[in-house]
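Visitor: Submitted below is the structure of interest, expressed as structure tokens.
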2 protein chains.
Amino acid sequence: MLVEVDPAPHRYPDARSVRLGARSGRLTGHTAGLAPGFVQCNLVVLSERQAADFLRFCQRNPKPCPLIAVTEPGDPTVPDAGEGIDVRTDLPRFRVWQDGKLVDEPTDILRWWRDDLVAFLIGCSFTFEEALAVEGVGVRHLEGGGNVPMYRTTIPCRPAGPFAGPMVVSMRPMGAADAIRAIQITSRYPAVHGAPVHIGDPAAIGIADLARPDYGDPVEVRSGDIPVFWACGVTPQAVIAAANPSFAITHAPGSMLVTDVRNSRLAVP
Amino acid sequence: MLVEVDPAPHRYPDARSVRLGARSGRLTGHTAGLAPGFVQCNLVVLSERQAADFLRFCQRNPKPCPLIAVTEPGDPTVPDAGEGIDVRTDLPRFRVWQDGKLVDEPTDILRWWRDDLVAFLIGCSFTFEEALAVEGVGVRHLEGGGNVPMYRTTIPCRPAGPFAGPMVVSMRPMGAADAIRAIQITSRYPAVHGAPVHIGDPAAIGIADLARPDYGDPVEVRSGDIPVFWACGVTPQAVIAAANPSFAITHAPGSMLVTDVRNSRLAVP
């Protein structure tokens with residue numbers, strides 16, 4: 001994954017300032033740690049024809065693909081997620097895919113936009129990691145400064161049209177008491193992956209070696225730790241890559257759309 | 001534990017009929033499975049002088065000692081738990097202790113009652129086991145017809161006066177998905193032990209061998225199972241036995257007080 005130096009968080013205290021920074025071209029790197037307390041989203045853009053299949057895929061697989069918002073075809077605004085959002089300019093960096101190949105990594109997609117495109121905003125684990133931190137549940141990869149380790153599993157997603165494939169999970173090792181608390185806390189956030197999909201034995205979901213993640217960085221698993229696995233937003237990216245649509249746009253890894261929705265507003269009682 | 005034949009559950013469809021059966025002397029055995037849907041309670045009776053310490057003990061250890069109700073000194077009624085309850089007669093069988101020795105196992109405690117006695121009704125796992133069953137989470141010891149296995153741990157209770165000692169836990173083995181769901185479900189029932197206190201490695205809480213429980217019956221742990229441990233209502237009984245009060249009364253194992261409180265009413269959102 002692309003890792004860049006923190007772009008002066010004090011300049012980006014709220015969601016709007018992050019979006020304006022991205023829109024102006026000043027902010028081109030990661031959004032982790034910016035606008036604390038606000039929901040950050042993965043972006044997927046597809047043609048209207050493929051969007052219908054993908055929407056069904058998300059509906060059938062809400063744990064890896066929790067939808068925060070979907071745009072009207074051709075309309076780059078998302079009033080439900082924040083006033084004045086323009087998904088074409090308000091992320092620091094994008095990836096443009098044609099026939100499964102990465103063809104561009106622009107800082108805006110104005111020249112790629114078409115009036116048949118639909119944008120999907122998909123919740124991400126930053127929200128529940130903040131909730132865990134608030135409650136004192138340590139998340140080890142954050143302490144180490146790395147990316148969360150992610151793994152392809154043998155858990156199948158429910159297919160829709162051309163979209164199919166295995167679930168990708170992220171893993172956070174923790175002691176038993178923290179694992180129980182983490183299940184409670186993340187259960188309150190169904191809109192950002194929700195409760196874990198698995199705890200314990202990695203082999204039970206087809207993971208051969210925790211030290212060799214398929215994405216992200218390995219993290220130390222200590223004696224007494226229980227590996228806790230959450231459905232991961234990389235799942236839709238992998239599924240889209242496998243479906244090989246003629247055209248797609250996604251966020252660049254770590255460069256998310258920061259919304260005006262507060263993390264705490266996603267909590268159910 | 002005392003195990004008796006099921007006393008014709010159809011004769012005891014509701015809580016009041018169970019209590020009247022016990023009061024009349026017809027019902028002298030277990031209450032498991034009777035009056036489905038209603039909260040059953042452990043009973044502890046102490047003198048007013050020791051009750052103050054024990055009440056503080058319960059307040060400090062709500063997971064093993066969740067209080068449903070406490071009576072006024074000398075008053076055997078518990079209006080909060082059900083109309084017309086008389087704790088002296090409405091349990092099928094009691095145990096009377098003097099200086100730590102079991103001196104009587106009567107079917108009522110009318111002749112032992114004193115006007116300085118205080119009764120504690122303590123929530124029990126029957127309530128959350130019903131909630132697990134409703135959601136299709138299998139509880140193995142119920143399938144096998146045995147009692148849940150229980151273990152003394154190295155988890156200390158917070159002491160109060162003479163009451164102190166280790167937490168006793170019950171253990172239910174389940175697959176990872178059921179373990180996650182069971183944590184969610186039981187978290188909604190803080191009044192009946194709530195979320196597990198531990199998952200995974202038994203040795204981490206001082207349990208040497210799952211096959212040799214300190215109370216109850218061993219239960220099969222299958223490949224892929226995670227042992228899930230809940231604080232257990234045997235804890236206060238063990239703590240009281242260790243404190244060796246000059247006088248105490250408890251329910252006989254499995255012969256609970258059935259209240260008019262619905263299990264579902266104990267659920268938090």
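Identifiers for the structure tokens are assigned positionally: chains receive A, B, ... in sequence, residues are indexed from 1 per chain, and ligands are indexed from 1 in the order shown.
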Give the strand (DSSP E) residues of range 51-238 of chain A, as DSSP finds them on the backbone, and put them as a PDB file with N, CA and C atoms, in the first residue's frame.

Guide:
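Output saved as part28.pdb:
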```
ATOM      1  N   LEU A  67     -22.996  -0.449   2.797  1.00  0.00           N
ATOM      2  CA  LEU A  67     -23.209   0.763   2.005  1.00  0.00           C
ATOM      3  C   LEU A  67     -23.589   1.943   2.893  1.00  0.00           C
ATOM      4  N   ILE A  68     -22.840   3.020   2.763  1.00  0.00           N
ATOM      5  CA  ILE A  68     -23.181   4.263   3.453  1.00  0.00           C
ATOM      6  C   ILE A  68     -24.061   5.125   2.543  1.00  0.00           C
ATOM      7  N   ALA A  69     -23.771   5.132   1.262  1.00  0.00           N
ATOM      8  CA  ALA A  69     -24.571   5.929   0.320  1.00  0.00           C
ATOM      9  C   ALA A  69     -24.299   5.460  -1.109  1.00  0.00           C
ATOM     10  N   VAL A  70     -25.275   5.702  -1.988  1.00  0.00           N
ATOM     11  CA  VAL A  70     -25.149   5.419  -3.421  1.00  0.00           C
ATOM     12  C   VAL A  70     -25.655   6.644  -4.163  1.00  0.00           C
ATOM     13  N   PHE A  94      -7.238   8.703  -6.690  1.00  0.00           N
ATOM     14  CA  PHE A  94      -8.137   7.682  -7.236  1.00  0.00           C
ATOM     15  C   PHE A  94      -7.329   6.637  -8.008  1.00  0.00           C
ATOM     16  N   ARG A  95      -8.020   5.537  -8.317  1.00  0.00           N
ATOM     17  CA  ARG A  95      -7.465   4.572  -9.270  1.00  0.00           C
ATOM     18  C   ARG A  95      -8.517   4.317 -10.344  1.00  0.00           C
ATOM     19  N   VAL A  96      -8.082   4.369 -11.589  1.00  0.00           N
ATOM     20  CA  VAL A  96      -8.978   4.154 -12.725  1.00  0.00           C
ATOM     21  C   VAL A  96      -8.590   2.838 -13.395  1.00  0.00           C
ATOM     22  N   TRP A  97      -9.600   1.997 -13.618  1.00  0.00           N
ATOM     23  CA  TRP A  97      -9.380   0.650 -14.146  1.00  0.00           C
ATOM     24  C   TRP A  97     -10.120   0.489 -15.473  1.00  0.00           C
ATOM     25  N   GLN A  98      -9.430  -0.060 -16.465  1.00  0.00           N
ATOM     26  CA  GLN A  98     -10.090  -0.406 -17.730  1.00  0.00           C
ATOM     27  C   GLN A  98      -9.784  -1.866 -18.030  1.00  0.00           C
ATOM     28  N   LYS A 101      -7.301  -3.488 -15.829  1.00  0.00           N
ATOM     29  CA  LYS A 101      -5.940  -2.945 -15.716  1.00  0.00           C
ATOM     30  C   LYS A 101      -5.986  -1.543 -15.125  1.00  0.00           C
ATOM     31  N   LEU A 102      -5.027  -1.266 -14.238  1.00  0.00           N
ATOM     32  CA  LEU A 102      -4.884   0.074 -13.665  1.00  0.00           C
ATOM     33  C   LEU A 102      -4.317   0.993 -14.742  1.00  0.00           C
ATOM     34  N   VAL A 103      -5.104   2.012 -15.116  1.00  0.00           N
ATOM     35  CA  VAL A 103      -4.650   2.879 -16.224  1.00  0.00           C
ATOM     36  C   VAL A 103      -4.336   4.301 -15.764  1.00  0.00           C
ATOM     37  N   ASP A 104      -4.743   4.660 -14.525  1.00  0.00           N
ATOM     38  CA  ASP A 104      -4.483   6.036 -14.098  1.00  0.00           C
ATOM     39  C   ASP A 104      -4.589   6.093 -12.575  1.00  0.00           C
ATOM     40  N   LEU A 117     -22.307   7.064 -14.705  1.00  0.00           N
ATOM     41  CA  LEU A 117     -21.550   6.470 -13.588  1.00  0.00           C
ATOM     42  C   LEU A 117     -22.311   6.608 -12.262  1.00  0.00           C
ATOM     43  N   VAL A 118     -22.178   5.556 -11.448  1.00  0.00           N
ATOM     44  CA  VAL A 118     -22.787   5.521 -10.111  1.00  0.00           C
ATOM     45  C   VAL A 118     -21.664   5.300  -9.091  1.00  0.00           C
ATOM     46  N   ALA A 119     -21.671   6.107  -8.044  1.00  0.00           N
ATOM     47  CA  ALA A 119     -20.646   5.968  -6.999  1.00  0.00           C
ATOM     48  C   ALA A 119     -21.232   5.302  -5.762  1.00  0.00           C
ATOM     49  N   PHE A 120     -20.478   4.352  -5.210  1.00  0.00           N
ATOM     50  CA  PHE A 120     -20.844   3.656  -3.982  1.00  0.00           C
ATOM     51  C   PHE A 120     -19.889   4.079  -2.870  1.00  0.00           C
ATOM     52  N   LEU A 121     -20.437   4.547  -1.768  1.00  0.00           N
ATOM     53  CA  LEU A 121     -19.627   4.825  -0.590  1.00  0.00           C
ATOM     54  C   LEU A 121     -19.802   3.661   0.388  1.00  0.00           C
ATOM     55  N   ILE A 122     -18.691   3.037   0.732  1.00  0.00           N
ATOM     56  CA  ILE A 122     -18.717   1.818   1.544  1.00  0.00           C
ATOM     57  C   ILE A 122     -17.991   2.088   2.853  1.00  0.00           C
ATOM     58  N   GLY A 123     -18.646   1.754   3.967  1.00  0.00           N
ATOM     59  CA  GLY A 123     -18.075   2.004   5.294  1.00  0.00           C
ATOM     60  C   GLY A 123     -16.732   1.322   5.480  1.00  0.00           C
ATOM     61  N   MET A 150      -4.537  -8.304   6.197  1.00  0.00           N
ATOM     62  CA  MET A 150      -5.788  -8.760   5.560  1.00  0.00           C
ATOM     63  C   MET A 150      -5.522 -10.064   4.810  1.00  0.00           C
ATOM     64  N   TYR A 151      -6.543 -10.911   4.765  1.00  0.00           N
ATOM     65  CA  TYR A 151      -6.380 -12.262   4.231  1.00  0.00           C
ATOM     66  C   TYR A 151      -7.578 -12.644   3.370  1.00  0.00           C
ATOM     67  N   ARG A 152      -7.308 -13.307   2.251  1.00  0.00           N
ATOM     68  CA  ARG A 152      -8.382 -13.970   1.524  1.00  0.00           C
ATOM     69  C   ARG A 152      -8.783 -15.209   2.314  1.00  0.00           C
ATOM     70  N   THR A 153     -10.082 -15.481   2.368  1.00  0.00           N
ATOM     71  CA  THR A 153     -10.581 -16.630   3.132  1.00  0.00           C
ATOM     72  C   THR A 153     -11.284 -17.612   2.203  1.00  0.00           C
ATOM     73  N   THR A 154     -11.749 -18.710   2.792  1.00  0.00           N
ATOM     74  CA  THR A 154     -12.601 -19.645   2.050  1.00  0.00           C
ATOM     75  C   THR A 154     -14.083 -19.374   2.316  1.00  0.00           C
ATOM     76  N   ILE A 155     -14.398 -18.239   2.971  1.00  0.00           N
ATOM     77  CA  ILE A 155     -15.801 -17.869   3.168  1.00  0.00           C
ATOM     78  C   ILE A 155     -16.304 -17.269   1.859  1.00  0.00           C
ATOM     79  N   PRO A 156     -17.300 -17.892   1.213  1.00  0.00           N
ATOM     80  CA  PRO A 156     -17.747 -17.332  -0.067  1.00  0.00           C
ATOM     81  C   PRO A 156     -18.692 -16.156   0.145  1.00  0.00           C
ATOM     82  N   PRO A 166     -14.330 -14.815  -2.794  1.00  0.00           N
ATOM     83  CA  PRO A 166     -14.213 -15.045  -1.357  1.00  0.00           C
ATOM     84  C   PRO A 166     -14.195 -13.747  -0.559  1.00  0.00           C
ATOM     85  N   MET A 167     -14.603 -13.848   0.698  1.00  0.00           N
ATOM     86  CA  MET A 167     -14.507 -12.709   1.593  1.00  0.00           C
ATOM     87  C   MET A 167     -13.046 -12.460   1.976  1.00  0.00           C
ATOM     88  N   VAL A 168     -12.665 -11.197   1.986  1.00  0.00           N
ATOM     89  CA  VAL A 168     -11.372 -10.804   2.551  1.00  0.00           C
ATOM     90  C   VAL A 168     -11.644 -10.301   3.964  1.00  0.00           C
ATOM     91  N   VAL A 169     -10.794 -10.696   4.907  1.00  0.00           N
ATOM     92  CA  VAL A 169     -10.971 -10.271   6.293  1.00  0.00           C
ATOM     93  C   VAL A 169      -9.726  -9.528   6.775  1.00  0.00           C
ATOM     94  N   SER A 170      -9.948  -8.638   7.727  1.00  0.00           N
ATOM     95  CA  SER A 170      -8.825  -8.047   8.457  1.00  0.00           C
ATOM     96  C   SER A 170      -8.710  -8.770   9.791  1.00  0.00           C
ATOM     97  N   MET A 171      -7.519  -8.768  10.368  1.00  0.00           N
ATOM     98  CA  MET A 171      -7.298  -9.505  11.627  1.00  0.00           C
ATOM     99  C   MET A 171      -6.642  -8.583  12.653  1.00  0.00           C
ATOM    100  N   ARG A 172      -7.219  -8.590  13.842  1.00  0.00           N
ATOM    101  CA  ARG A 172      -6.638  -7.851  14.968  1.00  0.00           C
ATOM    102  C   ARG A 172      -6.487  -8.823  16.129  1.00  0.00           C
ATOM    103  N   PRO A 173      -5.239  -9.112  16.537  1.00  0.00           N
ATOM    104  CA  PRO A 173      -5.050 -10.019  17.670  1.00  0.00           C
ATOM    105  C   PRO A 173      -5.257  -9.286  18.986  1.00  0.00           C
ATOM    106  N   MET A 174      -5.935  -9.931  19.931  1.00  0.00           N
ATOM    107  CA  MET A 174      -6.121  -9.301  21.241  1.00  0.00           C
ATOM    108  C   MET A 174      -6.348 -10.350  22.319  1.00  0.00           C
ATOM    109  N   HIS A 198     -15.264 -14.137  12.474  1.00  0.00           N
ATOM    110  CA  HIS A 198     -14.603 -15.343  13.001  1.00  0.00           C
ATOM    111  C   HIS A 198     -13.672 -14.941  14.131  1.00  0.00           C
ATOM    112  N   ILE A 199     -13.489 -15.865  15.076  1.00  0.00           N
ATOM    113  CA  ILE A 199     -12.459 -15.710  16.104  1.00  0.00           C
ATOM    114  C   ILE A 199     -11.732 -17.036  16.236  1.00  0.00           C
ATOM    115  N   ILE A 226      -6.130 -13.965  21.013  1.00  0.00           N
ATOM    116  CA  ILE A 226      -7.095 -14.596  20.121  1.00  0.00           C
ATOM    117  C   ILE A 226      -7.125 -13.767  18.843  1.00  0.00           C
ATOM    118  N   PRO A 227      -6.907 -14.390  17.685  1.00  0.00           N
ATOM    119  CA  PRO A 227      -7.063 -13.623  16.441  1.00  0.00           C
ATOM    120  C   PRO A 227      -8.553 -13.333  16.212  1.00  0.00           C
ATOM    121  N   VAL A 228      -8.866 -12.066  15.967  1.00  0.00           N
ATOM    122  CA  VAL A 228     -10.256 -11.668  15.741  1.00  0.00           C
ATOM    123  C   VAL A 228     -10.354 -11.137  14.313  1.00  0.00           C
ATOM    124  N   PHE A 229     -11.291 -11.704  13.539  1.00  0.00           N
ATOM    125  CA  PHE A 229     -11.365 -11.446  12.108  1.00  0.00           C
ATOM    126  C   PHE A 229     -12.647 -10.690  11.763  1.00  0.00           C
ATOM    127  N   TRP A 230     -12.499  -9.562  11.080  1.00  0.00           N
ATOM    128  CA  TRP A 230     -13.652  -8.798  10.602  1.00  0.00           C
ATOM    129  C   TRP A 230     -13.717  -8.836   9.073  1.00  0.00           C
ATOM    130  N   ALA A 231     -14.915  -8.837   8.527  1.00  0.00           N
ATOM    131  CA  ALA A 231     -15.092  -8.658   7.088  1.00  0.00           C
ATOM    132  C   ALA A 231     -14.451  -7.332   6.694  1.00  0.00           C
TER     133      ALA A 231
END
```

Visitor: Could you build a table of the residues in chain B lying no more than 12 Å from chain A, giving for each the nearest pair of atoms and their separation in Å rounded to one decimal place, using only C-alpha atoms, ordered by chain and ascending residue number, as a Markdown table?

Guide:
```
| residue | atom | partner | partner_atom | distance |
| --- | --- | --- | --- | --- |
| B:Met174 | CA | A:Ile199 | CA | 11.5 |
| B:Gly175 | CA | A:Ile199 | CA | 9.3 |
| B:Ala176 | CA | A:Ile199 | CA | 5.7 |
| B:Ala177 | CA | A:His198 | CA | 6.1 |
| B:Asp178 | CA | A:His198 | CA | 9.6 |
| B:Ala179 | CA | A:Ile199 | CA | 8.4 |
| B:Ile180 | CA | A:Ile183 | CA | 6.9 |
| B:Arg181 | CA | A:Ala195 | CA | 8.9 |
| B:Ala182 | CA | A:Ile183 | CA | 10.3 |
| B:Ile183 | CA | A:Ile180 | CA | 6.9 |
| B:Gln184 | CA | A:Gln184 | CA | 6.2 |
| B:Ile185 | CA | A:Gln184 | CA | 9.6 |
| B:Thr186 | CA | A:Gln184 | CA | 10.1 |
| B:Ser187 | CA | A:Gln184 | CA | 7.3 |
| B:Arg188 | CA | A:Gln184 | CA | 9.8 |
| B:Gly194 | CA | A:Gln184 | CA | 11.4 |
| B:Ala195 | CA | A:Ile180 | CA | 7.8 |
| B:Pro196 | CA | A:Ile180 | CA | 7.3 |
| B:Val197 | CA | A:Ala177 | CA | 6.9 |
| B:His198 | CA | A:Ala176 | CA | 5.9 |
| B:Ile199 | CA | A:Ala176 | CA | 5.7 |
| B:Gly200 | CA | A:Ala176 | CA | 7.0 |
| B:Asp201 | CA | A:Gly224 | CA | 7.3 |
| B:Pro202 | CA | A:Gly224 | CA | 10.4 |
| B:Ala203 | CA | A:Gly224 | CA | 9.7 |
| B:Ala204 | CA | A:Gly224 | CA | 7.5 |
| B:Ile205 | CA | A:Ala176 | CA | 10.5 |
| B:Ser223 | CA | A:Ala204 | CA | 10.2 |
| B:Gly224 | CA | A:Asp201 | CA | 7.3 |
| B:Asp225 | CA | A:Gly200 | CA | 9.2 |
| B:Ile226 | CA | A:Gly200 | CA | 7.6 |
| B:Pro227 | CA | A:Gly200 | CA | 10.8 |
| B:Val228 | CA | A:Ile180 | CA | 10.1 |
| B:Phe229 | CA | A:Ala176 | CA | 10.6 |
| B:Trp230 | CA | A:Ile180 | CA | 11.5 |
| B:Val268 | CA | A:Pro269 | CA | 9.2 |
| B:Pro269 | CA | A:Pro269 | CA | 6.1 |
```

Visitor: The selected residues should be written to file as a compact mmCIF listing (two decimals), in the first residue's frame (atoms: N, CA and C atoms).

Guide:
```txt
# COMPACT_ATOMS: atom_id res chain seq x y z
N MET B 174 -18.52 -23.91 21.98
CA MET B 174 -19.28 -23.67 20.74
C MET B 174 -18.35 -23.28 19.61
N GLY B 175 -18.82 -23.45 18.39
CA GLY B 175 -18.06 -22.99 17.23
C GLY B 175 -17.90 -21.48 17.26
N ALA B 176 -16.95 -20.97 16.44
CA ALA B 176 -16.62 -19.54 16.50
C ALA B 176 -17.82 -18.65 16.20
N ALA B 177 -18.60 -18.99 15.18
CA ALA B 177 -19.73 -18.13 14.82
C ALA B 177 -20.75 -18.09 15.96
N ASP B 178 -21.03 -19.24 16.57
CA ASP B 178 -21.94 -19.27 17.71
C ASP B 178 -21.35 -18.53 18.91
N ALA B 179 -20.04 -18.62 19.10
CA ALA B 179 -19.41 -17.92 20.23
C ALA B 179 -19.58 -16.41 20.07
N ILE B 180 -19.38 -15.91 18.86
CA ILE B 180 -19.58 -14.47 18.61
C ILE B 180 -21.03 -14.10 18.89
N ARG B 181 -21.96 -14.89 18.37
CA ARG B 181 -23.39 -14.60 18.57
C ARG B 181 -23.75 -14.70 20.06
N ALA B 182 -23.19 -15.67 20.74
CA ALA B 182 -23.49 -15.84 22.17
C ALA B 182 -22.99 -14.64 22.97
N ILE B 183 -21.86 -14.08 22.59
CA ILE B 183 -21.37 -12.88 23.28
C ILE B 183 -22.35 -11.73 23.06
N GLN B 184 -22.83 -11.60 21.81
CA GLN B 184 -23.80 -10.54 21.53
C GLN B 184 -25.08 -10.73 22.36
N ILE B 185 -25.61 -11.95 22.34
CA ILE B 185 -26.90 -12.20 22.98
C ILE B 185 -26.79 -12.01 24.49
N THR B 186 -25.77 -12.63 25.11
CA THR B 186 -25.70 -12.56 26.57
C THR B 186 -25.29 -11.17 27.06
N SER B 187 -24.66 -10.37 26.20
CA SER B 187 -24.36 -8.98 26.58
C SER B 187 -25.65 -8.21 26.86
N ARG B 188 -26.74 -8.65 26.27
CA ARG B 188 -28.02 -7.98 26.47
C ARG B 188 -28.66 -8.34 27.81
N GLY B 194 -24.66 -11.71 32.17
CA GLY B 194 -24.18 -10.87 31.08
C GLY B 194 -23.20 -11.57 30.15
N ALA B 195 -22.28 -10.78 29.57
CA ALA B 195 -21.32 -11.29 28.60
C ALA B 195 -20.35 -12.26 29.27
N PRO B 196 -19.74 -13.13 28.49
CA PRO B 196 -18.72 -14.02 29.06
C PRO B 196 -17.61 -13.23 29.74
N VAL B 197 -16.95 -13.90 30.70
CA VAL B 197 -15.78 -13.28 31.34
C VAL B 197 -14.49 -13.74 30.67
N HIS B 198 -14.57 -14.81 29.87
CA HIS B 198 -13.36 -15.31 29.21
C HIS B 198 -13.77 -16.19 28.04
N ILE B 199 -12.91 -16.20 27.01
CA ILE B 199 -13.06 -17.16 25.91
C ILE B 199 -11.69 -17.76 25.63
N GLY B 200 -11.69 -18.99 25.17
CA GLY B 200 -10.41 -19.59 24.75
C GLY B 200 -9.70 -20.33 25.85
N ASP B 201 -8.41 -20.09 25.98
CA ASP B 201 -7.50 -20.88 26.81
C ASP B 201 -7.97 -21.01 28.27
N PRO B 202 -8.35 -22.21 28.71
CA PRO B 202 -8.80 -22.38 30.10
C PRO B 202 -7.71 -22.05 31.12
N ALA B 203 -6.45 -22.37 30.76
CA ALA B 203 -5.35 -22.16 31.71
C ALA B 203 -5.18 -20.69 32.06
N ALA B 204 -5.59 -19.80 31.18
CA ALA B 204 -5.44 -18.36 31.44
C ALA B 204 -6.25 -17.92 32.66
N ILE B 205 -7.29 -18.68 33.01
CA ILE B 205 -8.05 -18.34 34.22
C ILE B 205 -7.94 -19.45 35.27
N SER B 223 -13.47 -30.49 18.01
CA SER B 223 -12.48 -29.77 17.20
C SER B 223 -13.12 -28.50 16.63
N GLY B 224 -12.42 -27.39 16.76
CA GLY B 224 -12.96 -26.12 16.27
C GLY B 224 -13.78 -25.37 17.30
N ASP B 225 -14.09 -26.02 18.42
CA ASP B 225 -14.85 -25.33 19.47
C ASP B 225 -13.99 -24.31 20.20
N ILE B 226 -14.62 -23.25 20.62
CA ILE B 226 -14.01 -22.29 21.54
C ILE B 226 -14.74 -22.44 22.87
N PRO B 227 -14.00 -22.68 23.97
CA PRO B 227 -14.68 -22.69 25.27
C PRO B 227 -15.08 -21.27 25.65
N VAL B 228 -16.34 -21.10 26.01
CA VAL B 228 -16.84 -19.76 26.38
C VAL B 228 -17.26 -19.83 27.85
N PHE B 229 -16.71 -18.92 28.65
CA PHE B 229 -16.86 -18.97 30.11
C PHE B 229 -17.70 -17.81 30.61
N TRP B 230 -18.74 -18.11 31.36
CA TRP B 230 -19.57 -17.08 31.99
C TRP B 230 -19.41 -17.13 33.51
N VAL B 268 -31.51 -5.68 27.81
CA VAL B 268 -31.30 -4.27 27.50
C VAL B 268 -31.26 -4.15 25.97
N PRO B 269 -31.40 -2.94 25.42
CA PRO B 269 -31.53 -2.80 23.97
C PRO B 269 -30.38 -3.46 23.20
```

Visitor: Calculate how many Å separate CA of Thr250 in chain A from CA of Leu43 in chain A, rounding to one decimal.

Guide: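 Straight-line distance from CA of Thr250 in chain A to CA of Leu43 in chain A works out to 5.2 Å.
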
Visitor: With DSSP run on the backbone, what are the helix (DSSP H, G or I) residues within range 66-265 of chain B? I'd like them as a PyMOL selection string.

Guide: chain B and resi 110-112+126-134+140-144+176-187+190-192+202-205+234-243+263-265

Visitor: Pick out the closest residue to Leu257 in chain B from this set: B:Glu143, B:Glu129, B:Asp209, B:Asp86. Count only C-alpha atoms.

Guide: B:Asp86

Visitor: Counting only C-alpha atoms, what is within 9 Å of Gly82 in chain B, bar same-chain residues fewer than 4 positions away, as a PyMOL selection string?

Guide: chain B and resi 15-16+77-78+258-261
